[in-house]
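J.: First the structure, which I've put down as C-alpha cells, then a few questions once you've had a look.
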Amino acid sequence: MEIKLRRMFPVMALLAAGCSRHDPAPAPPRVESAIAPFPDQTSTIVVPVTAELRMLERGLDRRTPRVLWTIDERREKCVAGKRVDLGIGRVKVTPDLGCRIVGQVTRGTISVAGAGEKLTITMPVSALIRVRDIGGVLGETVTARATVRATGRLGIGGDWQPRATLDLAYDWREPPGIDIAGQRVTFASRADEKLKRVVAKLERDLPTEVAKLDLRTQLDGAWRHGFTVIELSRRNPPAWMRIAPRTLGFGGYRIEGRQLRMTLAAEALTQTFVGPRPADPAPIPLPPPSRVAGQPGLRFFIPVLADYAQLEPIVLRTLRKLAARGITLTGVGPVDVDFGKVTVYATTDNRLAVGVTAKVAPRDRDFPATTGQAWLTAQPYNEEDSQLVRARDVQLAADTDSDAVDLIVSLLDAAQVQQAVALALQHDFAPDYRRILGKAQAAIGARQEGDFFLSTDMARVVTGRLQVTGAGLFLPVRAEGRAQIAYRPR
C-alpha cells in the first residue's frame, strides 16, 4: 500500500518533541453478531422395508391343504362296447364296461420366488387314481401331474397394507387318463373343475399372506424413529441436525434373492442448529401414501468455525519475523520494533479489527521509544466453494486524536506491515473442514435406535461464503448424501 506522504512531517514533529507514549487510537466497535440461522432443507430419506419370501411360502402352506381333493365314483360306461356293421346296421358285440375310480390329488411344496418387480408362485399338483373293477375283472393305476403358477405384482393401499394383483394359471404336464382295451379314458374335465377352485382359493389367500408380513409395523416404527436430533459437532461450535419427516411415498419394490424389498421415501425437513441442543421434533402419525417428488438425498449444513484466538498468534508471529528482517518507515528511517499483544475480533461491515501493541524506536536517532496500540481493519473472504480464507483491503482503523501522529500509527500504515498482516490473516479451513466432516460422518454414519438403524453417507459437500461473526470466522458447508432407516432387530 502506498505510504501517505502527509504522515512525514507530523512524524518528524513527533520525534522532535521526544514523546515516548500517546493515548491509544480508538478501537473499532466490537460486533457480537451470532451465526446466521441456516435455511431449512428438504431431504428425502430412503426407508427400505424387507420381508423374507419364505414367510409367504409358510403362510400359503398353512392355508393350503396337502390333499386338494379325493375321488371315489362309479362310472357305468368306462369303456364303450364294440359295434360291428353287418350291412343292415351296427350291432354291439361287446357290452359297455363300467368301473370305479378311486384316488386323490395332492400338492407339493409351494415355492415363492421372483426377480425385479415380478413375483412368481409355483405349486406342483399330482394325482394318483386307481381304476378298479373294469367289467368286474381289470384294474389300473393312473398318475397325473400339473403345475399351478401365479405371476403378478404388488402394490400399497391407503392403509399401507400391501396388495397383490395376480394372474394365476395351471397346466397338466401329464393329463389324467388311461388306455383300456384300445380306448383312452380321460379324467381331465372333472379334475379341472376341482383345480380351478384351488387356483381361486390361492388367489384369495395370497394377498392375505402378503398382508401378514407385517410391513406396516416396520414402517410405522421407522417413521417414528425418523423424528430425531443428531449431534454434528460437540464443540467449536456445537452443532445439531434435526430431522422431522413430513410425507411418505411408495417407491416400488424389488425381489432380490430370497427377500422382498419395498422402497419408500420419506420427505423430511432437515434443520441445522448451532449452540444448545434443540428440542426433539414432535412425531406425527404415519400419513397415508403420497407422492414424493424430491430428489433422494439427505441435505443439511455443517458449521466450520475458526476462533479468533487461532489467528492472533499467527499475526504476531508474522509481524515479529518482519521486524527481524527490518522495517523502515518513510521520514523516520529504520526502526527497531518489538511487537507485543495482537487482538483480533469482528467489527462492522463484515470486517476484522486487528489491534497491534508495539514498542518502536528510531534506530538512527537519539529519541525515546514510543509504546502503544493502534488498529487496522481487514476484509476476510473466500472464493466460491473454497476453504482458503484471505484478507484484503487492510487499512488503518483511525488516527489518534492528537495532532502529532503516533509513531505506532505510522508503523501500521506502512505497506510492508499491512501486507504482513494480510498474509497472516490468511487461514486455510481445510484441516478444520476435514475434521468437522469426519466428526459429522462418524456421528450420523450409523446409529441404532431400538430396532431401527439409521445410516447415512455424505457424498458431496459445498462450501459457502465466509461470514465474520462474534464467535469467529464462520464457513457454512452444505452437505448432501444418502440416508436410510431400516428395520434391524437386535
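By order of appearance in the C-alpha cells: chains A, B, ..., then residues from 1 within every chain, and ligands from 1 in the order shown.
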Can you list every residue in segment 165-266 of chain A that DSSP puts in alpha helix (DSSP H), as a compact mmCIF listing (two decimals) with C-alpha atoms, in the first residue's frame?
T.:
# COMPACT_ATOMS: atom_id res chain seq x y z
CA ALA A 188 -59.17 -84.11 -17.01
CA SER A 189 -62.55 -82.42 -17.18
CA ARG A 190 -63.51 -83.49 -13.69
CA ALA A 191 -60.03 -82.64 -12.35
CA ASP A 192 -60.12 -79.22 -13.99
CA GLU A 193 -63.24 -78.25 -12.10
CA LYS A 194 -61.58 -79.04 -8.81
CA LEU A 195 -58.27 -77.45 -9.75
CA LYS A 196 -59.97 -74.19 -10.71
CA ARG A 197 -61.33 -73.95 -7.19
CA VAL A 198 -57.84 -74.50 -5.76
CA VAL A 199 -56.48 -71.75 -8.01
CA ALA A 200 -59.24 -69.37 -6.96
CA LYS A 201 -58.52 -70.03 -3.27
CA LEU A 202 -54.82 -69.42 -3.80
CA GLU A 203 -55.64 -66.13 -5.45
CA ARG A 204 -57.67 -65.12 -2.39
CA ASP A 205 -55.10 -66.38 0.13
CA LEU A 206 -52.00 -64.81 -1.33
CA PRO A 207 -52.89 -61.12 -0.68
CA THR A 208 -53.86 -62.13 2.87
CA GLU A 209 -50.48 -63.74 3.42
CA VAL A 210 -48.70 -60.76 1.93
CA ALA A 211 -50.53 -58.54 4.41
CA LEU A 215 -44.60 -54.49 6.78
CA ARG A 216 -46.69 -51.74 8.31
CA THR A 217 -45.21 -52.39 11.76
CA GLN A 218 -41.72 -51.94 10.37
CA LEU A 219 -42.79 -48.85 8.50
CA ASP A 220 -44.57 -47.29 11.45
CA GLY A 221 -41.51 -47.82 13.66
CA ALA A 222 -39.13 -46.41 11.07
CA TRP A 223 -41.40 -43.39 10.66
CA ARG A 224 -41.44 -42.66 14.40
CA HIS A 225 -37.67 -43.06 14.71
J.: Could you name the residues that touch Gln418 of chain A at 9 Å or less, counting only C-alpha atoms, but leaving out those on the same chain fewer than 6 positions away, as a list in words?
T.: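 Listing them by chain and then by number gives Met1, Leu376, Val394, Gln395, Leu396 and Leu412 of chain A.
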J.: State, in Å with one decimal place, the distance from atom CA of Thr106 of chain A to atom CA of Asp72 of chain A.
T.: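 Between atom CA of Thr106 of chain A and atom CA of Asp72 of chain A the gap works out to 14.9 Å.
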J.: Can you tell me, as an MDAnalysis selection string, which residues in segment 204-255 of chain A count as strand (DSSP E) by DSSP?
T.: chainID A and resid 228:233 239:255
J.: Pull C-alpha atoms from the residues just selected and write them as a CSV table (one decimal), in the first residue's frame.
T.:
chain,number,residue,atom,x,y,z
A,228,THR,CA,-34.7,-37.2,15.8
A,229,VAL,CA,-31.9,-34.8,16.6
A,230,ILE,CA,-28.3,-35.8,15.7
A,231,GLU,CA,-25.2,-34.2,17.1
A,232,LEU,CA,-22.9,-33.0,14.3
A,233,SER,CA,-20.2,-31.4,16.4
A,239,ALA,CA,-24.0,-28.2,16.1
A,240,TRP,CA,-27.1,-30.3,15.6
A,241,MET,CA,-29.2,-31.7,12.8
A,242,ARG,CA,-32.9,-32.1,13.5
A,243,ILE,CA,-35.0,-34.3,11.2
A,244,ALA,CA,-38.8,-34.1,11.0
A,245,PRO,CA,-40.4,-36.3,8.4
A,246,ARG,CA,-43.5,-34.8,6.7
A,247,THR,CA,-44.7,-37.2,4.0
A,248,LEU,CA,-44.0,-40.8,2.9
A,249,GLY,CA,-44.2,-42.2,-0.6
A,250,PHE,CA,-44.1,-45.7,-2.1
A,251,GLY,CA,-41.1,-46.0,-4.4
A,252,GLY,CA,-41.8,-49.5,-5.6
A,253,TYR,CA,-40.4,-52.9,-4.7
A,254,ARG,CA,-37.9,-55.5,-5.9
A,255,ILE,CA,-37.3,-59.1,-5.3
J.: Compile the contact shell of Asn350 of chain A as a list in words: residues with an atom at most 9 Å away, counting only C-alpha atoms, same-chain residues fewer than 5 positions apart removed.
T.: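 In the requested form, the answer reads Gln379, Pro380, Gln467, Val468 and Thr469 of chain A.
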J.: Select, from A:Phe339, A:Phe273, A:Phe301, A:Phe474, the residue with the minimum atom-to-atom distance to Val315 of chain A, counting only C-alpha atoms.
T.: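 Going through A:Phe339, A:Phe273, A:Phe301, A:Phe474 one by one, the smallest distance to Val315 of chain A is for A:Phe339.
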J.: Report the distance between atom CA of Leu352 of chain A and atom CA of Arg465 of chain A in Å, rounded to one decimal place.
T.: 15.6 Å
J.: Find the residues near Arg258 of chain A: any atom within 12 Å, counting only C-alpha atoms, skip ones fewer than 3 places away on the same chain, and give them as a PyMOL selection string.
T.: chain A and resi 50-57+111-116+119-120+254-255+261
J.: Please dump the current selection as a CSV table (one decimal), in the first residue's frame; keep N, CA and C atoms.
T.:
chain,number,residue,atom,x,y,z
A,50,THR,N,-38.2,-54.7,4.4
A,50,THR,CA,-37.9,-56.0,3.8
A,50,THR,C,-38.7,-57.2,4.4
A,51,ALA,N,-39.0,-58.2,3.7
A,51,ALA,CA,-39.6,-59.4,4.2
A,51,ALA,C,-39.0,-60.6,3.5
A,52,GLU,N,-39.0,-61.7,4.2
A,52,GLU,CA,-38.5,-63.0,3.7
A,52,GLU,C,-39.6,-63.7,2.8
A,53,LEU,N,-39.2,-64.1,1.7
A,53,LEU,CA,-40.2,-64.8,0.8
A,53,LEU,C,-40.6,-66.1,1.5
A,54,ARG,N,-39.7,-66.7,2.3
A,54,ARG,CA,-40.1,-68.0,3.0
A,54,ARG,C,-41.3,-67.8,3.9
A,55,MET,N,-41.5,-66.6,4.4
A,55,MET,CA,-42.7,-66.3,5.2
A,55,MET,C,-44.0,-66.5,4.4
A,56,LEU,N,-43.9,-66.0,3.1
A,56,LEU,CA,-45.0,-66.2,2.2
A,56,LEU,C,-45.3,-67.7,2.0
A,57,GLU,N,-44.2,-68.4,1.7
A,57,GLU,CA,-44.3,-69.8,1.4
A,57,GLU,C,-44.9,-70.5,2.6
A,111,SER,N,-43.6,-72.8,-3.7
A,111,SER,CA,-42.4,-72.0,-3.7
A,111,SER,C,-42.8,-70.6,-4.2
A,112,VAL,N,-42.1,-69.6,-3.6
A,112,VAL,CA,-42.3,-68.2,-3.9
A,112,VAL,C,-41.0,-67.7,-4.3
A,113,ALA,N,-40.9,-67.1,-5.5
A,113,ALA,CA,-39.6,-66.6,-6.0
A,113,ALA,C,-40.0,-65.3,-6.8
A,114,GLY,N,-39.0,-64.9,-7.6
A,114,GLY,CA,-39.2,-63.8,-8.4
A,114,GLY,C,-37.9,-63.0,-8.7
A,115,ALA,N,-38.0,-62.0,-9.5
A,115,ALA,CA,-36.9,-61.2,-9.9
A,115,ALA,C,-37.4,-59.8,-10.2
A,116,GLY,N,-36.7,-58.8,-9.7
A,116,GLY,CA,-37.2,-57.4,-10.0
A,116,GLY,C,-38.6,-57.2,-9.4
A,119,LEU,N,-43.3,-61.2,-9.3
A,119,LEU,CA,-43.5,-62.2,-8.2
A,119,LEU,C,-44.0,-63.5,-8.8
A,120,THR,N,-43.4,-64.6,-8.5
A,120,THR,CA,-43.8,-65.9,-9.1
A,120,THR,C,-44.0,-66.9,-8.0
A,254,ARG,N,-38.7,-54.5,-5.1
A,254,ARG,CA,-37.9,-55.5,-5.9
A,254,ARG,C,-37.7,-56.7,-5.1
A,255,ILE,N,-37.7,-57.8,-5.9
A,255,ILE,CA,-37.3,-59.1,-5.3
A,255,ILE,C,-35.9,-59.4,-5.6
A,261,ARG,N,-38.1,-56.6,-1.1
A,261,ARG,CA,-37.7,-55.3,-0.6
A,261,ARG,C,-38.5,-54.2,-1.2
J.: Would you mind listing what lies within 10 Å of Ala353 of chain A as a list in words, with only C-alpha atoms counted and same-chain residues fewer than 5 positions away left out?
T.: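 What passes the distance filter is Ala27, Pro28, Pro29, Arg30, Val31, Thr343, Val344, Tyr345, Ala346, Thr347, Thr348, Trp375, Leu376, Thr377, Ala378, Gln379, Val394, Gln395, Leu396 and Ala397 of chain A.
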J.: Need the shell around Leu298 of chain A: protein/DNA/RNA residues with any atom at most 7 Å away, counting only C-alpha atoms. Skip same-chain ones fewer than 3 positions apart. Format as number ranges by chain?
T.: A: 43-45, 480-483
J.: Measuring atom to atom with only C-alpha atoms, identify which of A:Ser410, A:Ser126, A:Thr318, A:Gln161 is nearest to Arg145 of chain A.
T.: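 The shortest atom-to-atom distance to Arg145 of chain A comes from A:Ser126.
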J.: Neighbouring residues of Leu311 of chain A were defined as those with any atom within 8 Å, considering only C-alpha atoms; residues of the same chain fewer than 6 positions away were excluded. Please report them as number ranges by chain.
T.: A: 344, 424-425, 427
J.: Could those residues be written to a file, using N, CA and C atoms, as a compact mmCIF listing (two decimals), in the first residue's frame?
T.:
# COMPACT_ATOMS: atom_id res chain seq x y z
N VAL A 344 -7.67 -9.70 17.82
CA VAL A 344 -8.50 -9.81 16.62
C VAL A 344 -9.94 -10.06 17.05
N ALA A 424 -0.87 -12.89 7.25
CA ALA A 424 -1.08 -13.64 8.49
C ALA A 424 -2.54 -13.98 8.70
N LEU A 425 -3.43 -13.15 8.23
CA LEU A 425 -4.87 -13.41 8.40
C LEU A 425 -5.37 -14.49 7.44
N HIS A 427 -6.16 -17.91 6.23
CA HIS A 427 -6.44 -19.11 7.03
C HIS A 427 -7.00 -20.20 6.13
